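Source file: query37.cif; contents: mmCIF, C-alpha atoms.
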```cif
data_run
#
loop_
_atom_site.label_atom_id
_atom_site.label_comp_id
_atom_site.auth_asym_id
_atom_site.auth_seq_id
_atom_site.Cartn_x
_atom_site.Cartn_y
_atom_site.Cartn_z
CA MET A 29 75.98 54.25 -31.53
CA VAL A 30 75.97 51.99 -28.45
CA GLU A 31 75.53 48.89 -30.58
CA LYS A 32 78.42 49.92 -32.85
CA ILE A 33 80.73 50.59 -29.90
CA ILE A 34 79.94 47.23 -28.27
CA LYS A 35 80.39 45.38 -31.58
CA ASN A 36 83.92 46.77 -32.01
CA ARG A 37 85.09 46.07 -28.45
CA ASN A 38 88.08 43.93 -27.49
CA MET A 39 88.94 41.96 -24.37
CA SER A 40 92.15 42.25 -22.37
CA THR A 41 93.65 42.05 -18.88
CA ILE A 42 94.46 45.52 -17.53
CA PRO A 43 96.27 46.85 -14.39
CA LEU A 44 93.95 47.88 -11.56
CA ASP A 45 96.09 50.93 -10.75
CA LYS A 46 95.38 52.27 -14.25
CA ILE A 47 91.60 52.33 -13.75
CA ASN A 48 89.70 55.55 -13.06
CA ILE A 49 86.15 55.45 -11.68
CA GLY A 50 84.49 58.47 -13.25
CA ASN A 51 81.14 60.17 -12.69
CA TRP A 52 79.73 58.58 -15.87
CA ASN A 53 78.91 55.45 -13.90
CA VAL A 54 75.22 55.57 -13.00
CA ARG A 55 75.73 53.92 -9.60
CA THR A 56 76.57 57.00 -7.51
CA LEU A 57 74.95 55.53 -4.39
CA ASP A 58 75.38 52.19 -2.61
CA ARG A 59 78.80 51.71 -4.19
CA GLU A 60 79.95 49.44 -1.36
CA LYS A 61 76.79 47.31 -1.30
CA GLY A 62 77.51 43.66 -1.95
CA VAL A 63 81.28 44.04 -2.32
CA ASP A 64 82.09 41.58 0.48
CA GLU A 65 79.70 39.02 -0.99
CA LEU A 66 81.31 39.52 -4.38
CA VAL A 67 84.75 38.94 -2.87
CA GLU A 68 83.53 35.56 -1.58
CA SER A 69 82.07 34.71 -4.99
CA ILE A 70 85.32 35.61 -6.79
CA LEU A 71 87.31 33.47 -4.36
CA LYS A 72 85.06 30.51 -5.14
CA TYR A 73 84.34 30.93 -8.83
CA GLY A 74 86.66 33.61 -10.18
CA LEU A 75 85.51 36.66 -12.13
CA LEU A 76 82.42 35.60 -14.07
CA GLN A 77 81.97 38.84 -16.01
CA PRO A 78 84.61 41.37 -17.11
CA ILE A 79 84.41 45.09 -16.38
CA VAL A 80 83.83 47.59 -19.21
CA VAL A 81 86.18 50.52 -19.81
CA PHE A 82 87.33 52.95 -22.47
CA GLN A 83 90.97 53.97 -22.81
CA GLU A 84 92.42 57.47 -22.65
CA GLY A 85 96.19 57.56 -22.90
CA ASP A 86 97.58 54.98 -20.50
CA LYS A 87 94.50 55.09 -18.27
CA TYR A 88 91.24 53.14 -18.41
CA ASN A 89 87.99 54.88 -17.50
CA LEU A 90 85.46 52.56 -15.87
CA ILE A 91 81.93 52.42 -17.24
CA ILE A 92 80.66 49.15 -15.77
CA GLY A 93 82.02 47.12 -12.86
CA GLN A 94 82.64 49.33 -9.81
CA ARG A 95 81.92 46.52 -7.36
CA ARG A 96 84.12 44.11 -9.30
CA VAL A 97 87.03 46.57 -9.19
CA LYS A 98 86.52 47.19 -5.47
CA ALA A 99 86.37 43.44 -4.82
CA PHE A 100 89.63 42.87 -6.73
CA LEU A 101 91.29 45.68 -4.76
CA LYS A 102 90.16 44.06 -1.51
CA LEU A 103 91.70 40.82 -2.73
CA LYS A 104 94.92 42.76 -3.47
CA LYS A 105 94.85 41.73 -7.11
CA LYS A 106 96.99 43.57 -9.63
CA GLU A 107 94.99 43.00 -12.81
CA ILE A 108 91.41 42.42 -13.95
CA GLN A 109 89.82 41.24 -17.17
CA ALA A 110 88.12 44.04 -19.08
CA VAL A 111 86.13 44.79 -22.21
CA ILE A 112 87.84 47.80 -23.78
CA LEU A 113 85.65 50.01 -25.94
CA PRO A 114 87.41 51.48 -29.01
CA VAL A 115 86.21 55.04 -28.38
CA LYS A 116 84.86 57.10 -25.52
CA PRO A 117 81.04 57.19 -25.71
CA ASP A 118 79.39 60.55 -25.17
CA GLU A 119 77.77 61.34 -21.80
CA GLU A 120 74.35 60.07 -22.83
CA HIS A 121 75.63 56.69 -24.06
CA LEU A 122 77.89 56.30 -21.02
CA LYS A 123 74.86 56.65 -18.76
CA ILE A 124 72.81 54.27 -20.89
CA LEU A 125 75.55 51.61 -20.90
CA SER A 126 75.99 51.84 -17.14
CA LEU A 127 72.28 51.83 -16.31
CA SER A 128 71.48 49.05 -18.77
CA GLU A 129 73.85 46.71 -16.94
CA ASN A 130 73.11 47.81 -13.38
CA ILE A 131 69.33 47.98 -13.65
CA HIS A 132 69.21 44.20 -14.14
CA ARG A 133 71.80 43.30 -11.48
CA VAL A 134 72.11 44.32 -7.80
CA GLU A 135 69.24 46.75 -7.45
CA VAL A 136 70.29 50.25 -8.35
CA ASN A 137 69.26 52.88 -5.85
CA ARG A 138 65.97 54.36 -7.06
CA ALA A 139 67.36 57.88 -6.73
CA ASP A 140 70.05 56.96 -9.29
CA ILE A 141 67.42 55.61 -11.69
CA VAL A 142 65.35 58.78 -11.32
CA GLU A 143 68.42 60.93 -12.07
CA VAL A 144 69.30 59.06 -15.28
CA ILE A 145 65.70 58.88 -16.52
CA SER A 146 65.27 62.62 -15.88
CA TYR A 147 68.50 63.32 -17.77
CA LEU A 148 67.42 61.26 -20.79
CA TYR A 149 63.89 62.66 -20.67
CA ASN A 150 65.15 66.24 -20.92
CA LYS A 151 67.79 65.29 -23.49
CA HIS A 152 65.24 63.66 -25.81
CA GLY A 153 62.56 66.32 -26.01
CA LYS A 154 60.69 65.10 -22.93
CA SER A 155 59.62 61.93 -24.73
CA ALA A 156 58.96 59.08 -22.30
CA LYS A 157 58.52 56.76 -25.28
CA GLU A 158 62.04 57.53 -26.51
CA VAL A 159 63.54 57.05 -23.04
CA ALA A 160 61.73 53.71 -22.70
CA LYS A 161 63.11 52.62 -26.06
CA ILE A 162 66.66 53.62 -25.12
CA LEU A 163 66.58 51.75 -21.79
CA GLY A 164 64.59 48.76 -23.00
CA LYS A 165 61.91 49.44 -20.37
CA SER A 166 58.21 50.25 -20.61
CA VAL A 167 56.74 53.75 -20.90
CA PRO A 168 54.89 53.29 -17.55
CA PHE A 169 58.25 52.45 -15.93
CA VAL A 170 59.66 55.75 -17.19
CA TYR A 171 56.62 57.80 -16.16
CA ASP A 172 56.57 56.11 -12.77
CA HIS A 173 60.06 57.44 -12.03
CA LEU A 174 59.45 60.84 -13.61
CA LYS A 175 56.57 61.39 -11.19
CA ILE A 176 59.03 61.73 -8.32
CA LYS A 177 61.84 63.62 -10.06
CA ASP A 178 60.73 66.95 -8.54
CA ALA A 179 60.51 65.69 -4.96
CA PRO A 180 62.43 67.80 -2.42
CA GLU A 181 66.10 66.93 -1.98
CA GLU A 182 65.51 65.83 1.62
CA ILE A 183 62.99 63.25 0.44
CA MET A 184 65.23 62.03 -2.37
CA GLN A 185 67.95 61.49 0.25
CA MET A 186 65.52 59.36 2.28
CA LEU A 187 64.84 57.38 -0.90
CA SER A 188 68.59 56.97 -1.41
CA ARG A 189 68.99 55.67 2.15
CA ARG A 190 65.97 53.39 1.62
CA ASP A 191 64.10 55.03 4.47
CA LEU A 192 61.32 55.45 1.91
CA LYS A 193 60.29 53.48 -1.15
CA LYS A 194 59.46 54.93 -4.55
CA VAL A 195 55.75 54.38 -3.95
CA ASP A 196 56.04 56.30 -0.64
CA VAL A 197 57.52 59.31 -2.44
CA LYS A 198 54.67 59.18 -4.96
CA ARG A 199 52.17 59.15 -2.11
CA LEU A 200 53.81 62.15 -0.46
CA MET A 201 53.72 64.11 -3.70
CA GLU A 202 50.04 63.29 -4.14
CA ILE A 203 49.20 64.37 -0.58
CA ALA A 204 51.08 67.69 -0.58
CA PRO A 205 52.21 68.42 -4.16
CA ASP A 206 52.70 72.17 -3.58
CA ASP A 207 53.80 72.17 0.05
CA LYS A 208 57.45 71.21 0.46
CA GLU A 209 57.52 71.65 4.25
CA THR A 210 54.45 69.46 4.79
CA MET A 211 55.86 66.84 2.44
CA ILE A 212 59.14 66.68 4.35
CA GLU A 213 57.36 66.59 7.74
CA LEU A 214 55.13 63.77 6.51
CA ALA A 215 58.15 61.91 5.13
CA LYS A 216 59.84 61.95 8.54
CA GLU A 217 56.71 60.52 10.13
CA MET A 218 56.20 58.02 7.32
CA LYS A 219 59.59 56.42 8.07
CA LYS A 220 58.12 55.20 11.38
CA LEU A 221 55.00 53.66 9.85
CA THR A 222 54.36 50.08 8.78
CA PRO A 223 53.83 49.35 5.05
CA TYR A 224 50.08 49.10 5.68
CA GLU A 225 50.04 52.43 7.54
CA ARG A 226 52.00 54.11 4.73
CA LYS A 227 49.39 52.94 2.26
CA ARG A 228 46.64 54.15 4.59
CA LEU A 229 48.34 57.54 4.92
CA GLY A 230 48.27 57.94 1.15
CA GLU A 231 44.54 57.17 1.06
CA ILE A 232 43.66 59.53 3.92
CA GLY A 233 45.85 62.28 2.49
CA LYS A 234 43.83 62.26 -0.73
CA ILE A 235 40.55 62.42 1.17
CA LYS A 236 41.77 65.18 3.53
CA PRO A 237 44.22 67.27 1.50
CA LYS A 238 44.06 70.23 3.92
CA ALA A 239 44.55 68.23 7.12
CA LYS A 240 47.55 68.92 9.35
CA VAL A 241 50.35 66.36 9.57
CA LYS A 242 49.46 65.42 13.15
CA GLU A 243 45.83 64.80 12.19
CA LEU A 244 46.83 62.66 9.20
CA ILE A 245 49.18 60.51 11.27
CA GLU A 246 46.62 60.06 14.05
CA GLU A 247 43.95 59.04 11.51
CA THR A 248 46.41 56.68 9.83
CA LYS A 249 47.06 54.81 13.07
CA LYS A 250 43.40 54.31 13.94
CA PRO A 251 42.08 50.74 13.60
CA ARG A 252 40.30 50.23 10.31
CA ILE A 253 37.62 47.68 9.51
CA GLU A 254 37.93 46.24 6.04
CA GLU A 255 36.10 43.59 4.11
CA LYS A 256 38.02 41.30 1.82
CA ILE A 257 36.54 40.12 -1.44
CA ILE A 258 37.96 37.08 -3.21
CA VAL A 259 37.88 37.50 -6.98
CA PRO A 260 38.77 34.52 -9.20
CA LEU A 261 41.21 35.53 -11.93
CA THR A 262 41.90 33.82 -15.22
CA PRO A 263 45.56 32.99 -15.98
CA SER A 264 45.72 35.82 -18.54
CA LEU A 265 44.35 38.37 -16.04
CA LEU A 266 46.77 37.17 -13.37
CA LYS A 267 49.68 37.44 -15.81
CA SER A 268 48.61 40.97 -16.76
CA LEU A 269 48.26 41.94 -13.10
CA ASP A 270 51.75 40.68 -12.28
CA SER A 271 53.16 42.57 -15.28
CA ALA A 272 51.60 45.74 -13.90
CA VAL A 273 53.04 45.00 -10.44
CA LYS A 274 56.51 44.69 -11.94
CA GLU A 275 56.29 47.83 -14.05
CA ILE A 276 54.36 50.17 -11.76
CA GLY A 277 55.82 49.14 -8.40
CA LEU A 278 52.49 48.71 -6.58
CA SER A 279 51.18 45.52 -4.99
CA ARG A 280 48.49 43.33 -6.54
CA GLU A 281 45.99 44.60 -3.97
CA GLU A 282 46.83 48.26 -4.63
CA ILE A 283 46.44 47.89 -8.40
CA ALA A 284 43.18 45.93 -8.07
CA LYS A 285 41.80 48.56 -5.68
CA LYS A 286 42.76 51.43 -8.01
CA ALA A 287 41.17 49.63 -10.97
CA LEU A 288 37.95 49.11 -8.98
CA GLU A 289 37.90 52.74 -7.80
CA GLU A 290 38.39 53.96 -11.37
CA TRP A 291 35.64 51.73 -12.77
CA LEU A 292 33.15 52.64 -10.03
CA GLY A 293 34.10 56.30 -10.38
CA ASN A 294 33.52 56.26 -14.15
CA LYS A 295 30.09 54.70 -13.56
CA GLY A 296 29.22 57.32 -10.96
CA TYR A 297 29.11 54.97 -7.96
CA TYR A 298 32.28 56.13 -6.22
CA LYS A 299 33.21 59.71 -5.29
CA GLY A 300 36.60 59.06 -3.66
#
```

Show the structure stored in the file as structure tokens.
Amino acid sequence: MVEKIIKNRNMSTIPLDKINIGNWNVRTLDREKGVDELVESILKYGLLQPIVVFQEGDKYNLIIGQRRVKAFLKLKKKEIQAVILPVKPDEEHLKILSLSENIHRVEVNRADIVEVISYLYNKHGKSAKEVAKILGKSVPFVYDHLKIKDAPEEIMQMLSRRDLKKVDVKRLMEIAPDDKETMIELAKEMKKLTPYERKRLGEIGKIKPKAKVKELIEETKKPRIEEKIIVPLTPSLLKSLDSAVKEIGLSREEIAKKALEEWLGNKGYYKG
């Protein structure tokens, strides 16, 4: 349906005061991010990409282009160029259209991505493969976001504010999957930690699942002696590793360590 709607679109200049920003736009957070920079870009180069709307009566409902509309309003413009869809897409296709554009532009807040992926996952029989196909992303990308969809609201708010990263939320859910209060307490402490300490907290939490928050934080901050091993990688291995980094959201070192732990564990050399 999306392809058919896009194929039958038309382009026109429409009045800004006739545009409604509805809740079908996936970007519910960070709506003001980058608007000032966009204003400067429009002043220099003009509008490089039109907004996308569908018409209802004499109004236009915005699907894609919140920041562009806000930038034009700041510039006190009266009109903006728009792609007008011939019909109103249903809720699912509205979300897909909005996410498909935003996910490749200014980074969408991870909490927004989790919300849309969860919606599509439930709508399509809990098939990660179908969601991946719809969004043009990989199945691991979908599963990676689904892993944190049940995190407590307080933690999702920290993710929204970028106090925590997606990988931090995953670590918290691995440390205390059935203990909401501990998870939230750990999240508040995790905000104060360095990236290395956050990684360390995740490792210690798996080893000591029954430890108190204070004990985990104290152990996390202790100096740790590590040995580094340099492993030569072929171009194909390096390319595969970087693909995994992009899809999973972990660093090269984290993925290599997990792969080594899994291999040694399968061979019976590593107990975790």

Need to verify the contact set: Asn89 of chain A, 7 Å, only C-alpha atoms, exclusion of same-chain residues closer than 3 positions in sequence. Can you return it as a ChimeraX atom specification?
/A:47-50,81-83

Counting all atoms listed in the file, the option among A:Val67, A:Ala204, A:Val273, A:Met218 closest to Ala239 of chain A
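Comparing A:Val67, A:Ala204, A:Val273, A:Met218 against Ala239 of chain A, the winner is A:Ala204.
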
What is the distance between atom CA of Glu182 of chain A and atom CA of Ala272 of chain A, in Å to one decimal?
28.9 Å

Coordinates-based distance that separates atom CA of Phe169 of chain A from atom CA of Glu143 of chain A (Å, one decimal):
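Separating atom CA of Glu143 of chain A from atom CA of Phe169 of chain A is a distance of 13.8 Å.
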
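Across the structure, atom CA of Gln77 of chain A and atom CA of Ile108 of chain A are spaced 10.3 Å apart.
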
Enumerate, in order of chain and increasing residue number, the residues of segment 181-212 of chain A with an atom no farther than 12 Å from segment 241-263 of chain A, each with its shortest atom pair and distance in Å to one decimal, counting all atoms listed in the file, as CSV.
```
residue,atom,partner,partner_atom,distance
A:Leu200,CA,A:Val241,CA,11.4
A:Ile203,CA,A:Leu244,CA,10.2
A:Ala204,CA,A:Val241,CA,10.3
A:Asp207,CA,A:Val241,CA,11.7
A:Glu209,CA,A:Val241,CA,10.4
A:Thr210,CA,A:Val241,CA,7.0
A:Met211,CA,A:Val241,CA,9.0
A:Ile212,CA,A:Val241,CA,10.2
```
